Each structure stands twice: as C-alpha cells, then as structure tokens.
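Raw contents of final_32.txt, compact mmCIF, C-alpha atoms:
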```txt
# COMPACT_ATOMS: atom_id res chain seq x y z
CA MET A 1 0.97 13.77 24.40
CA GLY A 2 -1.09 14.33 21.25
CA ARG A 3 -2.54 17.75 20.70
CA ARG A 4 -6.14 16.51 20.86
CA GLU A 5 -5.90 14.39 23.99
CA GLY A 6 -8.25 15.56 26.69
CA ARG A 7 -10.18 17.85 24.33
CA VAL A 8 -13.95 17.69 24.05
CA ASN A 9 -14.82 18.60 20.51
CA THR A 10 -18.08 19.14 18.66
CA PRO A 11 -17.68 19.12 14.87
CA VAL A 12 -19.06 21.96 12.81
CA THR A 13 -20.87 21.14 9.57
CA ILE A 14 -20.31 23.54 6.69
CA VAL A 15 -21.34 23.46 3.05
CA PRO A 16 -18.51 22.82 0.57
CA GLU A 17 -18.55 26.33 -0.88
CA ALA A 18 -17.91 27.78 2.58
CA LEU A 19 -14.69 25.81 3.13
CA ASP A 20 -11.81 28.26 2.73
CA PHE A 21 -8.38 26.69 3.13
CA ALA A 22 -6.69 30.10 3.00
CA GLN A 23 -8.35 30.89 6.32
CA LEU A 24 -7.52 27.50 7.83
CA ILE A 25 -3.88 26.79 6.91
CA CYS A 26 -1.14 28.56 8.86
CA ALA A 27 2.21 29.28 7.22
CA GLY A 28 4.54 26.30 7.29
CA GLU A 29 1.91 23.76 8.27
CA THR A 30 1.57 20.31 6.72
CA VAL A 31 -1.71 19.06 5.29
CA GLY A 32 -2.01 15.27 5.14
CA TRP A 33 -4.75 13.08 3.78
CA ALA A 34 -5.97 9.51 3.69
CA GLU A 35 -4.12 7.47 1.12
CA ALA A 36 -4.91 5.55 -2.06
CA THR A 37 -8.60 4.68 -2.60
CA ALA A 38 -9.48 6.38 0.72
CA GLU A 39 -8.29 9.79 -0.48
CA PRO A 40 -11.01 12.43 -0.02
CA VAL A 41 -10.69 13.62 -3.62
CA PHE A 42 -13.43 16.21 -3.22
CA LEU A 43 -11.33 17.91 -0.52
CA THR A 44 -7.98 17.53 -2.28
CA ARG A 45 -9.45 19.08 -5.44
CA LEU A 46 -10.80 21.96 -3.38
CA LEU A 47 -7.41 22.41 -1.71
CA ASP A 48 -5.74 22.44 -5.11
CA ALA A 49 -8.14 25.10 -6.39
CA GLN A 50 -7.46 27.34 -3.38
CA ALA A 51 -3.76 26.60 -2.85
CA GLU A 52 -2.42 29.75 -4.52
CA ARG A 53 -4.33 31.90 -2.04
CA CYS A 54 -2.82 30.07 0.93
CA ARG A 55 0.33 30.88 2.84
CA PRO A 56 3.25 28.53 2.06
CA PHE A 57 2.47 25.02 3.27
CA ARG A 58 3.42 21.38 2.79
CA VAL A 59 1.35 18.37 1.88
CA PHE A 60 2.04 14.78 2.83
CA PHE A 61 0.51 11.59 1.50
CA ALA A 62 1.53 7.96 1.52
CA LEU A 63 0.17 6.87 -1.87
CA THR A 64 -2.17 8.54 -4.35
CA PHE A 65 -4.17 7.23 -7.28
CA SER A 66 -5.89 10.52 -8.10
CA ASP A 67 -5.19 13.79 -9.87
CA GLY A 68 -7.10 15.74 -7.24
CA PHE A 69 -4.08 17.73 -6.13
CA THR A 70 -1.73 18.96 -8.86
CA ALA A 71 0.95 20.62 -6.69
CA SER A 72 1.70 23.06 -9.50
CA HIS A 73 1.87 25.89 -6.97
CA PRO A 74 5.11 27.67 -5.97
CA ASN A 75 3.96 28.01 -2.35
CA VAL A 76 3.38 24.24 -1.90
CA THR A 77 5.98 21.59 -1.06
CA VAL A 78 4.92 18.00 -1.70
CA THR A 79 6.23 15.19 0.49
CA ALA A 80 5.25 11.54 0.17
CA LEU A 81 6.36 8.02 0.99
CA GLY A 82 7.15 7.50 -2.68
CA GLY A 83 6.21 8.09 -6.26
CA ALA A 84 4.04 5.05 -6.89
CA SER A 85 1.05 5.28 -9.23
CA ALA A 86 -0.19 8.86 -9.76
CA GLY A 87 2.33 10.12 -7.22
CA ARG A 88 5.21 9.73 -9.66
CA ARG A 89 4.34 13.05 -11.34
CA PHE A 90 5.41 14.89 -8.20
CA PHE A 91 8.93 13.47 -8.36
CA ALA A 92 9.68 13.52 -12.07
CA ASN A 93 12.40 16.12 -11.50
CA GLY A 94 13.90 14.58 -8.38
CA ALA A 95 12.99 12.71 -5.23
CA ASP A 96 14.39 15.06 -2.58
CA ASN A 97 11.05 15.17 -0.78
CA VAL A 98 10.41 11.41 -0.66
CA VAL A 99 10.28 10.06 2.89
CA PRO A 100 11.69 6.50 2.80
CA ALA A 101 10.01 4.52 5.56
CA ASN A 102 8.62 1.08 6.24
CA ILE A 103 4.85 1.24 6.61
CA SER A 104 5.18 -0.26 10.08
CA ASP A 105 7.05 2.89 11.16
CA VAL A 106 4.74 5.55 9.75
CA SER A 107 2.17 5.66 12.57
CA GLY A 108 4.97 6.04 15.10
CA LEU A 109 6.67 8.76 13.08
CA VAL A 110 3.40 10.67 12.83
CA ALA A 111 2.44 10.16 16.48
CA SER A 112 5.86 11.35 17.67
CA GLY A 113 5.76 14.46 15.51
CA ARG A 114 8.88 13.51 13.56
CA LEU A 115 6.61 13.32 10.52
CA PRO A 116 4.29 16.22 11.38
CA ILE A 117 0.74 16.49 10.06
CA ASP A 118 -1.07 19.60 11.25
CA ILE A 119 -4.28 19.32 9.21
CA VAL A 120 -5.88 15.99 8.34
CA LEU A 121 -8.27 15.47 5.43
CA LEU A 122 -10.29 12.26 5.26
CA GLN A 123 -13.66 10.95 4.16
CA VAL A 124 -16.18 9.13 6.30
CA SER A 125 -19.66 7.67 6.10
CA GLY A 126 -22.27 7.97 8.82
CA PRO A 127 -23.00 8.79 11.48
CA ASP A 128 -24.55 5.61 12.86
CA GLU A 129 -27.05 5.42 15.72
CA THR A 130 -24.25 5.97 18.25
CA GLY A 131 -23.04 9.10 16.47
CA ARG A 132 -19.81 7.53 15.20
CA TYR A 133 -18.45 7.83 11.69
CA ASN A 134 -16.58 5.23 9.64
CA ALA A 135 -13.49 5.58 7.44
CA GLY A 136 -14.63 2.71 5.25
CA LEU A 137 -11.95 2.02 2.66
CA GLY A 138 -8.83 2.33 4.77
CA ILE A 139 -7.38 3.61 8.01
CA GLU A 140 -3.55 3.20 7.67
CA HIS A 141 -1.96 5.86 9.98
CA LEU A 142 -5.05 8.10 10.27
CA HIS A 143 -5.64 7.58 13.99
CA ALA A 144 -2.06 8.66 14.74
CA ALA A 145 -2.45 11.72 12.49
CA ILE A 146 -5.81 12.69 14.00
CA GLY A 147 -4.35 12.35 17.49
CA ARG A 148 -1.78 15.11 16.86
CA ALA A 149 -3.47 17.30 14.27
CA ARG A 150 -4.53 20.86 14.99
CA LEU A 151 -7.47 20.53 12.60
CA VAL A 152 -9.38 17.53 11.19
CA ILE A 153 -11.67 18.02 8.19
CA ALA A 154 -13.89 15.11 7.14
CA GLN A 155 -15.84 14.79 3.92
CA VAL A 156 -19.07 12.99 4.78
CA ASN A 157 -19.56 10.60 1.89
CA PRO A 158 -22.53 8.20 2.05
CA GLU A 159 -21.13 6.22 -0.90
CA LEU A 160 -18.36 4.66 1.19
CA PRO A 161 -18.69 1.12 2.53
CA TRP A 162 -19.06 0.72 6.28
CA THR A 163 -16.34 -1.62 7.51
CA ASP A 164 -15.33 -3.33 10.74
CA GLY A 165 -11.94 -3.06 12.43
CA ASP A 166 -10.21 0.20 13.35
CA THR A 167 -12.34 2.35 11.03
CA ALA A 168 -14.66 3.92 13.62
CA ILE A 169 -14.09 7.67 14.00
CA ASP A 170 -15.54 9.40 17.05
CA PRO A 171 -17.28 12.70 16.30
CA GLU A 172 -15.07 14.35 18.94
CA ALA A 173 -12.06 13.64 16.71
CA ILE A 174 -13.46 15.78 13.88
CA ASP A 175 -13.48 19.58 13.73
CA VAL A 176 -15.22 20.22 10.40
CA LEU A 177 -17.74 18.06 8.53
CA VAL A 178 -18.25 18.73 4.81
CA PRO A 179 -21.16 16.80 3.25
CA ALA A 180 -20.20 15.72 -0.28
CA ALA A 181 -21.34 12.49 -1.89
CA GLU A 182 -18.88 11.11 -4.45
CA PRO A 183 -18.13 7.64 -5.85
CA ALA A 184 -15.13 6.01 -4.20
CA ILE A 185 -11.92 5.71 -6.20
CA GLU A 186 -11.84 2.39 -8.00
CA LEU A 187 -8.62 0.55 -8.79
CA ARG A 188 -9.11 -1.84 -11.67
CA ALA A 189 -6.39 -4.45 -12.17
CA ARG A 190 -4.86 -4.62 -15.63
CA PRO A 191 -6.09 -7.53 -17.77
CA VAL A 192 -4.18 -10.70 -16.99
CA GLY A 193 -2.11 -11.77 -19.97
CA PRO A 194 -0.03 -14.89 -20.54
CA ILE A 195 3.00 -13.46 -18.74
CA GLU A 196 1.08 -12.52 -15.60
CA ARG A 197 -0.71 -15.86 -15.74
CA ALA A 198 2.58 -17.78 -15.93
CA ILE A 199 4.06 -15.83 -13.01
CA ALA A 200 0.90 -16.37 -10.97
CA GLU A 201 0.97 -20.11 -11.56
CA HIS A 202 4.56 -20.30 -10.35
CA VAL A 203 3.68 -18.30 -7.25
CA ALA A 204 0.57 -20.38 -6.54
CA SER A 205 2.67 -23.56 -6.65
CA LEU A 206 4.61 -22.21 -3.66
CA ILE A 207 1.55 -21.55 -1.46
CA PRO A 208 0.50 -24.49 0.71
CA ASP A 209 -3.01 -25.11 1.95
CA ARG A 210 -3.86 -23.40 5.25
CA ALA A 211 -1.28 -20.66 4.64
CA THR A 212 -1.88 -17.05 5.64
CA ILE A 213 -0.90 -14.85 2.72
CA GLU A 214 -0.01 -11.22 2.10
CA LEU A 215 -0.44 -9.69 -1.33
CA GLY A 216 1.34 -6.61 -2.63
CA LEU A 217 -0.07 -4.19 -5.19
CA GLY A 218 -0.52 -4.57 -8.94
CA ALA A 219 -1.56 -6.93 -11.70
CA ILE A 220 0.54 -9.89 -10.57
CA PRO A 221 -0.95 -10.20 -7.05
CA GLU A 222 -4.44 -10.01 -8.56
CA ALA A 223 -3.43 -12.69 -11.06
CA VAL A 224 -2.20 -14.82 -8.17
CA THR A 225 -5.66 -14.76 -6.58
CA ARG A 226 -7.04 -16.28 -9.80
CA ALA A 227 -4.45 -19.07 -9.67
CA LEU A 228 -5.42 -20.26 -6.20
CA GLY A 229 -8.57 -22.13 -7.19
CA GLY A 230 -7.22 -25.49 -6.06
CA LYS A 231 -6.16 -24.36 -2.58
CA GLN A 232 -7.96 -24.93 0.70
CA GLY A 233 -8.20 -23.14 4.01
CA LEU A 234 -6.24 -20.00 3.12
CA GLY A 235 -6.12 -16.90 5.30
CA ILE A 236 -5.42 -13.25 4.49
CA HIS A 237 -3.39 -10.75 6.50
CA SER A 238 -2.27 -8.02 4.15
CA GLY A 239 -1.64 -4.36 3.59
CA ALA A 240 -4.16 -4.06 0.77
CA ILE A 241 -6.71 -6.41 -0.76
CA GLY A 242 -8.39 -6.25 -4.15
CA ASP A 243 -11.36 -7.81 -5.89
CA GLY A 244 -9.61 -11.18 -6.13
CA VAL A 245 -9.73 -11.64 -2.36
CA ALA A 246 -13.50 -11.13 -2.41
CA ASP A 247 -13.73 -13.83 -5.08
CA LEU A 248 -11.64 -16.24 -2.98
CA MET A 249 -13.74 -15.58 0.11
CA GLU A 250 -16.99 -16.16 -1.75
CA ALA A 251 -15.59 -19.39 -3.18
CA GLY A 252 -14.60 -20.61 0.29
CA ILE A 253 -10.91 -20.86 -0.65
CA VAL A 254 -10.13 -18.11 1.83
CA ASP A 255 -11.92 -18.97 5.05
CA ASN A 256 -9.28 -17.79 7.55
CA ARG A 257 -10.10 -20.75 9.82
CA HIS A 258 -6.47 -21.74 10.34
CA LYS A 259 -5.03 -18.34 11.23
CA GLU A 260 -3.27 -18.25 14.57
CA ILE A 261 -4.77 -14.81 15.25
CA ASP A 262 -7.96 -13.22 13.91
CA PRO A 263 -9.41 -16.62 12.96
CA GLY A 264 -12.26 -16.43 10.48
CA VAL A 265 -11.43 -12.85 9.51
CA THR A 266 -9.61 -11.32 6.53
CA VAL A 267 -7.41 -8.49 7.84
CA ALA A 268 -6.04 -5.61 5.74
CA THR A 269 -5.37 -1.91 6.13
CA MET A 270 -6.92 -0.87 2.81
CA LEU A 271 -9.51 -1.90 0.23
CA MET A 272 -8.01 -1.28 -3.22
CA GLY A 273 -10.44 -2.53 -5.82
CA THR A 274 -13.72 -1.79 -7.52
CA GLN A 275 -17.31 -1.47 -6.36
CA ARG A 276 -17.47 -5.27 -6.45
CA LEU A 277 -15.04 -5.38 -3.50
CA TYR A 278 -16.58 -2.39 -1.73
CA ARG A 279 -20.07 -3.90 -1.84
CA PHE A 280 -18.71 -7.22 -0.57
CA ALA A 281 -16.89 -5.52 2.34
CA ASN A 282 -19.82 -3.29 3.31
CA ARG A 283 -20.96 -4.32 6.81
CA ASN A 284 -19.20 -7.66 6.34
CA PRO A 285 -17.95 -8.91 9.72
CA LEU A 286 -15.54 -11.29 7.95
CA ILE A 287 -13.36 -8.36 6.80
CA HIS A 288 -11.54 -6.11 9.26
CA ILE A 289 -9.74 -2.94 8.17
CA ARG A 290 -6.98 -2.35 10.71
CA ALA A 291 -4.38 0.36 11.26
CA THR A 292 -0.87 -0.24 9.92
CA SER A 293 0.35 -0.23 13.52
CA TYR A 294 -1.43 -3.61 13.66
CA THR A 295 -1.28 -5.06 10.14
CA HIS A 296 2.46 -4.44 9.72
CA ASP A 297 3.62 -4.87 13.31
CA ALA A 298 6.41 -7.43 13.81
CA LEU A 299 4.91 -8.78 17.04
CA VAL A 300 1.53 -9.30 15.37
CA LEU A 301 3.06 -10.93 12.29
CA GLY A 302 5.20 -13.13 14.51
CA ASN A 303 2.08 -15.09 15.46
CA PHE A 304 1.80 -16.71 12.05
CA ARG A 305 3.45 -20.08 11.51
CA ARG A 306 2.73 -20.57 7.77
CA PHE A 307 2.98 -17.03 6.43
CA VAL A 308 3.58 -16.39 2.71
CA ALA A 309 4.44 -12.86 1.60
CA ILE A 310 4.02 -12.03 -2.10
CA ASN A 311 5.55 -8.75 -3.25
CA GLY A 312 6.77 -7.13 -6.45
CA ALA A 313 9.92 -5.41 -7.65
CA LEU A 314 11.09 -3.05 -10.35
CA GLU A 315 14.38 -4.93 -10.61
CA ILE A 316 16.47 -7.47 -8.75
CA ASP A 317 20.21 -7.96 -8.98
CA LEU A 318 22.12 -11.23 -9.23
CA THR A 319 22.83 -11.25 -5.49
CA GLY A 320 19.12 -10.98 -4.55
CA GLN A 321 18.90 -7.27 -3.74
CA VAL A 322 15.45 -5.88 -4.58
CA ASN A 323 14.63 -2.40 -5.83
CA ALA A 324 10.92 -1.55 -5.63
CA GLU A 325 11.34 2.24 -5.71
CA THR A 326 13.15 3.60 -8.76
CA ALA A 327 13.52 2.89 -12.47
CA LEU A 328 15.97 4.66 -14.78
CA GLY A 329 16.54 7.30 -12.13
CA ARG A 330 12.85 8.09 -11.64
CA HIS A 331 11.14 7.50 -8.32
CA ILE A 332 8.07 5.48 -9.35
CA GLY A 333 7.59 3.19 -6.35
CA LEU A 334 7.86 3.18 -2.57
CA VAL A 335 9.26 1.12 0.30
CA GLY A 336 5.75 0.33 1.46
CA GLY A 337 5.26 -2.74 3.59
CA GLN A 338 7.60 -4.98 1.63
CA MET A 339 10.31 -5.29 4.29
CA ASP A 340 7.74 -5.70 7.07
CA PHE A 341 6.17 -8.70 5.37
CA VAL A 342 9.36 -10.17 3.88
CA ARG A 343 10.94 -10.28 7.31
CA ALA A 344 7.83 -11.79 8.88
CA ALA A 345 7.63 -14.52 6.25
CA ASN A 346 11.32 -15.36 6.60
CA ARG A 347 10.96 -15.69 10.35
CA ALA A 348 7.80 -17.77 10.30
CA ALA A 349 8.43 -21.46 11.01
CA GLU A 350 6.84 -22.50 7.69
CA GLY A 351 6.94 -19.10 5.97
CA ARG A 352 8.11 -18.13 2.51
CA SER A 353 8.83 -14.73 1.00
CA ILE A 354 8.20 -14.45 -2.75
CA ILE A 355 9.27 -11.59 -5.00
CA ALA A 356 7.27 -11.85 -8.23
CA LEU A 357 8.10 -9.82 -11.32
CA GLN A 358 8.10 -9.94 -15.10
CA SER A 359 11.57 -10.75 -16.38
CA THR A 360 11.69 -7.65 -18.63
CA ASN A 361 10.04 -4.26 -18.93
CA ARG A 362 6.76 -4.21 -20.86
CA GLU A 363 8.50 -3.39 -24.14
CA ARG A 364 10.86 -6.35 -23.54
CA THR A 365 13.86 -4.09 -24.23
CA ARG A 366 15.42 -4.25 -20.77
CA SER A 367 15.96 -7.08 -18.32
CA ARG A 368 14.59 -6.58 -14.83
CA ILE A 369 17.06 -9.13 -13.53
CA VAL A 370 20.27 -7.13 -13.57
CA VAL A 371 23.91 -7.44 -12.60
CA LYS A 372 23.77 -4.38 -10.37
CA LEU A 373 20.87 -2.17 -9.34
CA ALA A 374 21.12 0.83 -11.67
CA ASP A 375 20.16 3.47 -9.12
CA GLY A 376 21.76 1.82 -6.10
CA VAL A 377 18.41 1.77 -4.28
CA VAL A 378 17.87 -1.34 -2.13
CA THR A 379 14.34 -1.87 -0.82
CA THR A 380 14.95 -5.41 0.41
CA PRO A 381 18.54 -6.49 1.11
CA ARG A 382 20.01 -9.71 -0.21
CA ALA A 383 20.16 -11.17 3.31
CA GLU A 384 16.32 -11.33 3.21
CA ALA A 385 16.09 -12.86 -0.28
CA ASP A 386 14.13 -16.12 -0.40
CA LEU A 387 12.17 -16.94 -3.58
CA VAL A 388 11.97 -15.05 -6.87
CA ALA A 389 9.38 -15.89 -9.52
CA THR A 390 9.22 -14.71 -13.14
CA GLU A 391 7.29 -16.10 -16.08
CA HIS A 392 10.29 -18.38 -16.72
CA GLY A 393 10.35 -20.14 -13.35
CA ILE A 394 11.35 -19.91 -9.71
CA ALA A 395 14.75 -19.13 -8.18
CA GLU A 396 15.53 -20.35 -4.66
CA LEU A 397 17.98 -17.93 -3.05
CA ARG A 398 17.81 -18.37 0.70
CA GLY A 399 20.85 -20.17 2.07
CA ARG A 400 22.57 -20.08 -1.33
CA THR A 401 25.99 -18.63 -2.12
CA LEU A 402 26.30 -15.55 -4.32
CA ALA A 403 27.44 -17.75 -7.23
CA GLU A 404 24.49 -20.10 -6.77
CA ARG A 405 22.09 -17.15 -6.57
CA ALA A 406 23.41 -15.65 -9.78
CA ARG A 407 22.98 -18.95 -11.65
CA ALA A 408 19.45 -19.42 -10.29
CA LEU A 409 18.39 -15.89 -11.26
CA ILE A 410 19.94 -16.07 -14.74
CA ALA A 411 17.95 -19.26 -15.31
CA ILE A 412 14.65 -17.37 -14.82
CA ALA A 413 15.71 -14.25 -16.74
CA ASP A 414 14.42 -13.59 -20.25
CA PRO A 415 16.33 -15.92 -22.62
CA GLY A 416 17.40 -12.95 -24.72
CA PHE A 417 19.38 -11.50 -21.80
CA ARG A 418 20.84 -14.65 -20.24
CA ALA A 419 24.12 -14.69 -22.16
CA GLU A 420 24.78 -11.05 -21.31
CA LEU A 421 24.02 -11.69 -17.63
CA GLU A 422 26.23 -14.76 -17.64
CA ARG A 423 29.19 -12.82 -19.01
CA ALA A 424 28.70 -9.99 -16.55
CA SER A 425 28.25 -12.30 -13.56
CA GLY A 426 31.85 -13.48 -13.93
CA ARG A 427 33.08 -9.96 -13.28
CA LEU A 428 30.68 -9.53 -10.38
CA LEU A 429 31.62 -12.71 -8.58
```
Here is the file; what I need is its structure written in the form of structure tokens.
Amino acid sequence: MGRREGRVNTPVTIVPEALDFAQLICAGETVGWAEATAEPVFLTRLLDAQAERCRPFRVFFALTFSDGFTASHPNVTVTALGGASAGRRFFANGADNVVPANISDVSGLVASGRLPIDIVLLQVSGPDETGRYNAGLGIEHLHAAIGRARLVIAQVNPELPWTDGDTAIDPEAIDVLVPAAEPAIELRARPVGPIERAIAEHVASLIPDRATIELGLGAIPEAVTRALGGKQGLGIHSGAIGDGVADLMEAGIVDNRHKEIDPGVTVATMLMGTQRLYRFANRNPLIHIRATSYTHDALVLGNFRRFVAINGALEIDLTGQVNAETALGRHIGLVGGQMDFVRAANRAAEGRSIIALQSTNRERTRSRIVVKLADGVVTTPRAEADLVATEHGIAELRGRTLAERARALIAIADPGFRAELERASGRLL
C-alpha cells in the first residue's frame, strides 16, 4: 500500500522564501522531481541553494535539461536513469549511480519502493473550477511517486499549458503549494542540415500511410517530422513529442483516425518542444499526456498493427547491437523507452523498428558503425535489430545472418571507414 492511500490531505500554501528544505528533508531520504521540460526549476534551484544546510540526502531524476540543481554538495548523492542532455555532468567521473531501467518499468519500481522517492517536487497549473491542478507538460511516473511519497511539494505555475490525459492532480495529493510563475523549459531542435535531412528522408521512405509512429529524442526525429509531408492518415503514440508533431497535426498529416486504440488522439508522456508546441497543446482535446505505465506498456502497444518505432543510437556494431547510453566511456545517454518501443514494433503485424543515426561523430573523425561496442553497453540486443538508417542509406537486418548484417551495415557506413570495417569484419565473423 502507498503511504498516502486513505489520507485526507489539505495542501498548505507558502511563499517561496518560507520554503526551507533543511526543515523538510530527513537524513537519507530521496528527493525526486518531474523530468525534462516538466522539471520545476524554481524548486530545484531553491533546493540547490539550500542543500548544504540539509542532512545527507539523495536526489533522483529520469532526465534533466536544466542547470537548476548542481549537485556540487558533499552531502548529496545524485541518482538518475542516465546521463542524457544536461544530466551528463553528474556522471563525468563515473556512472555508479545510474539506474538502468526501461521506462515501462519505472512506475512499478517507484510504486513498489524498490526505487524509493520520499519527497516529490513538481509544477502544476490551476486550480480549475473543481479544485484540481494539472501537470501540463508531462506526467511520466509522477502518480506512482506521489502515491508513496512522504511529502509532495508543487510549484504553482500559471505559465504551464493545461493538458488532457493523466495530468490531473487532486489537491489531496499535494502537501505544499508554492506559487511561482516561470516560463516553461523550451527544447529547441538543432537546425536540420543536409545529413539530418538525408537520414530523415530514408526514414520517411519506410513509414507507410496510416501507420502509428513513435519518435525518440533529438534532431533526427524532428527532421523526420519535416520529411513526412507526403504521408496520409498517420497516428502518434510516443514517449515525447516536439514541435514537428504539432505541425503535422495542423497540416492534417497526423489525424490519428486509423489507430486501433485512442483514435483521433495523439498520445505521449511528455511535451518536449517550444512555446509553439505548448500553446498548441493547451486545452487541446486531440493531445493526451499519459503516464509511462500506459504509453510504454507492452499490452497497450500490442494493440497496434502498423506500428513504426524511430529511435537513435550513439553507436551500433556490425551484428546489430545498439548502444544508446555511453560514448568513449562517458555516460551521456539512457535506456529510456527504446526497448519498449523496439519490441512493440517488431511484434506488430505490420510494424518496423528503425534505428536512425549519423554514420560518424559530428567531427567526422570516428565511425558510429563499429566492429564492437567500445564500452560493451548494449541498449538494444541484436536479436531485436530490424532497420538501420544513416545518411548513406538503409540496412535491413532482421532475419539476416551475421555476415549479411555486417555487409549491410558497412554499406551505409561513412565511405572513409568502410575499408577498415571490412577488414575488421573478417576477424569478427
């Protein structure tokens, strides 16, 4: 049973300057907060400023884009699902405190107490006429965390969008309300260059009309949305969505009419874009923000017949193993929902799983198609490999032998590295 079940709670409103974390955090407790664009940066900055006065505690987050919490305090231990984006600074000297987990498992881990969160920080808008608040940008595992937490502190931020789905927060679930208006975190995609454009065109060629698609994070998925202009009747069921999905919905390319579940509705667990997306999603009944226990659940995903999963990688070896977590020994990514969606796409009757990546690093000094994964980290195993797209083409891996896979991947590697990969593949196979 969760700690809050059966409790009748009335939240207390306090001004920001009266919030004293040293009085609220018990020794050894874990403070967790909403992830990514939903992070209550006002609260995490305040926690950072007061951390040295607190008894030793832990923090946990899934993904962060902010510098609100620095973790440069000897009494604070940082744990996270990975080192993606701004989170990589926490693991520059080692990844001992990374929690490798599929996103589909996180709510269960939190609800069971195996991944304990004692104090939850989040931001909400509202209340509405019924007294309820709204988490707006994302909900991921927050309901599970709130259900077990000893203390829930919510920044009341009127600048958040109000969204449909699982984002309603009952006032009884909140202990402390802190009014603090602040612009939501915006995540601007990098400009699309010729390499991203070429990759996106290859990926788009693999997406049939009436498909339901999932998009990972980064410049390439956003580029893919721009390459879908000729498609019809697409649906979205994804972990995160960015500005490009709003463009596709407005253009009528994404209408969700052919989805086997949630017809007519774009489903995601997080808005990760700019104010353009947030304004579009505000009180828009055609977008539902759902918990990861729904968006990433195998039984839910099993409803889709024509499901296309599009995800990225830091490197892929010649057998089809994918590493989306580490590069040159540094933990700069995370498991995320990749395996959840890859598996779902592979099991869908007309599904396809696509790993899309640039063939080299940005400086073009190192191939990202490699003989062996340098750090030995496998995010997606070779048994789940299906399609790989780089700027040089598409490799079909599913059902192929190891030798056939190696030849297909070398063919889409950067030309400057193909001879080296060819020589090394003989020793591998």
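Of the listed residues (A:Val377, A:Ala327, A:Leu217, A:Met339), A:Met339 comes nearest to Ile103 in chain A; the distances count only C-alpha atoms.
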For Ile316 in chain A, find every residue with an atom within 7 Å (counting only C-alpha atoms), except residues of its own chain fewer than 3 positions away, and show them as a CSV table (one decimal) with C-alpha atoms, in the coordinates of the input.
```csv
chain,number,residue,atom,x,y,z
A,313,ALA,CA,9.9,-5.4,-7.6
A,320,GLY,CA,19.1,-11.0,-4.6
A,321,GLN,CA,18.9,-7.3,-3.7
A,322,VAL,CA,15.4,-5.9,-4.6
A,323,ASN,CA,14.6,-2.4,-5.8
A,368,ARG,CA,14.6,-6.6,-14.8
A,369,ILE,CA,17.1,-9.1,-13.5
A,370,VAL,CA,20.3,-7.1,-13.6
A,373,LEU,CA,20.9,-2.2,-9.3
```
Got a sec to check which residues sit within 12 Å of (-12.2, 16.9, 13.5), counting all atoms listed in the file, and write them as a compact mmCIF listing (two decimals) with C-alpha atoms, keeping the file's coordinate frame?
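This is the output file result.txt:
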```txt
# COMPACT_ATOMS: atom_id res chain seq x y z
CA ARG A 4 -6.14 16.51 20.86
CA ARG A 7 -10.18 17.85 24.33
CA VAL A 8 -13.95 17.69 24.05
CA ASN A 9 -14.82 18.60 20.51
CA THR A 10 -18.08 19.14 18.66
CA PRO A 11 -17.68 19.12 14.87
CA VAL A 12 -19.06 21.96 12.81
CA THR A 13 -20.87 21.14 9.57
CA ASP A 118 -1.07 19.60 11.25
CA ILE A 119 -4.28 19.32 9.21
CA VAL A 120 -5.88 15.99 8.34
CA LEU A 121 -8.27 15.47 5.43
CA LEU A 122 -10.29 12.26 5.26
CA GLN A 123 -13.66 10.95 4.16
CA VAL A 124 -16.18 9.13 6.30
CA TYR A 133 -18.45 7.83 11.69
CA LEU A 142 -5.05 8.10 10.27
CA HIS A 143 -5.64 7.58 13.99
CA ALA A 145 -2.45 11.72 12.49
CA ILE A 146 -5.81 12.69 14.00
CA GLY A 147 -4.35 12.35 17.49
CA ARG A 148 -1.78 15.11 16.86
CA ALA A 149 -3.47 17.30 14.27
CA ARG A 150 -4.53 20.86 14.99
CA LEU A 151 -7.47 20.53 12.60
CA VAL A 152 -9.38 17.53 11.19
CA ILE A 153 -11.67 18.02 8.19
CA ALA A 154 -13.89 15.11 7.14
CA GLN A 155 -15.84 14.79 3.92
CA VAL A 156 -19.07 12.99 4.78
CA ILE A 169 -14.09 7.67 14.00
CA ASP A 170 -15.54 9.40 17.05
CA PRO A 171 -17.28 12.70 16.30
CA GLU A 172 -15.07 14.35 18.94
CA ALA A 173 -12.06 13.64 16.71
CA ILE A 174 -13.46 15.78 13.88
CA ASP A 175 -13.48 19.58 13.73
CA VAL A 176 -15.22 20.22 10.40
CA LEU A 177 -17.74 18.06 8.53
CA VAL A 178 -18.25 18.73 4.81
```
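Atom pair CA of Ala80 in chain A / CA of Asn97 in chain A: separated by 6.9 Å.
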Considering only C-alpha atoms, return as a CSV table (one decimal) with C-alpha atoms, keeping the file's coordinate frame whatever protein or nucleic-acid residues lie within 9 Å of Arg197 in chain A, sequence-local ones (same chain, fewer than 2 positions apart) excluded.
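Heads up, here's the output in selection-v3.csv:
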```csv
chain,number,residue,atom,x,y,z
A,192,VAL,CA,-4.2,-10.7,-17.0
A,193,GLY,CA,-2.1,-11.8,-20.0
A,194,PRO,CA,0.0,-14.9,-20.5
A,195,ILE,CA,3.0,-13.5,-18.7
A,199,ILE,CA,4.1,-15.8,-13.0
A,200,ALA,CA,0.9,-16.4,-11.0
A,201,GLU,CA,1.0,-20.1,-11.6
A,202,HIS,CA,4.6,-20.3,-10.4
A,220,ILE,CA,0.5,-9.9,-10.6
A,223,ALA,CA,-3.4,-12.7,-11.1
A,224,VAL,CA,-2.2,-14.8,-8.2
A,226,ARG,CA,-7.0,-16.3,-9.8
A,227,ALA,CA,-4.4,-19.1,-9.7
A,391,GLU,CA,7.3,-16.1,-16.1
```
Nearest to Ala246 in chain A, restricted to all atoms listed in the file and choosing among A:Leu286, A:Leu402, A:Leu387, A:Ala22, comes out as A:Leu286
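Residues having any atom no farther than 12 Å from (14.2, -5.6, -22.2) (counting all atoms listed in the file) are A:Glu315, A:Gln358, A:Ser359, A:Thr360, A:Asn361, A:Arg362, A:Glu363, A:Arg364, A:Thr365, A:Arg366, A:Ser367, A:Arg368, A:Ile369, A:Val370, A:Ala413, A:Asp414, A:Pro415, A:Gly416, A:Phe417, A:Arg418, A:Glu420.
Considering the residues A:Ala198, A:Ile410, A:Ala92, A:Leu271 and counting all atoms listed in the file, Leu328 in chain A has its shortest atom-to-atom contact with A:Ala92.
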Glu182 in chain A environment, 7 Å, all atoms listed in the file, sequence neighbours closer than 2 positions dropped, as a PyMOL selection string | chain A and resi 157+159+180+184
Spatial neighbours of Phe69 in chain A, 6 Å, only C-alpha atoms, chain gap at least 3 places, as a VMD selection string = chain A and resid 44 to 45 48
Write the residues you've just listed into a file as a PDB file, in the coordinates of the input, and include C-alpha atoms for each of them.
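See out09.pdb below for the written result:
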```
ATOM      1  CA  THR A  44      -7.980  17.530  -2.280  1.00  0.00           C
ATOM      2  CA  ARG A  45      -9.450  19.080  -5.440  1.00  0.00           C
ATOM      3  CA  ASP A  48      -5.740  22.440  -5.110  1.00  0.00           C
TER       4      ASP A  48
END
```
Excluding same-chain residues fewer than 5 positions from Met249 in chain A, what lies within 10 Å of it counting all atoms listed in the file, as a PyMOL selection string?
-> chain A and resi 234-236+244+254-256+266+280+286-287
Taking all atoms of range 400-419 of chain A that appear in the file, build a box with edges along x, y and z, extend it by 6 Å on every side, and state its centre and edge lengths in Å to one decimal, as AutoDock Vina command-line options.
```
--center_x 20.9 --center_y -15.8 --center_z -13.0 --size_x 25.0 --size_y 20.6 --size_z 35.4
```
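Of the listed residues (A:Ile253, A:Ala49, A:Ile241, A:Ala298), A:Ile241 comes nearest to Met270 in chain A; the distances count only C-alpha atoms.
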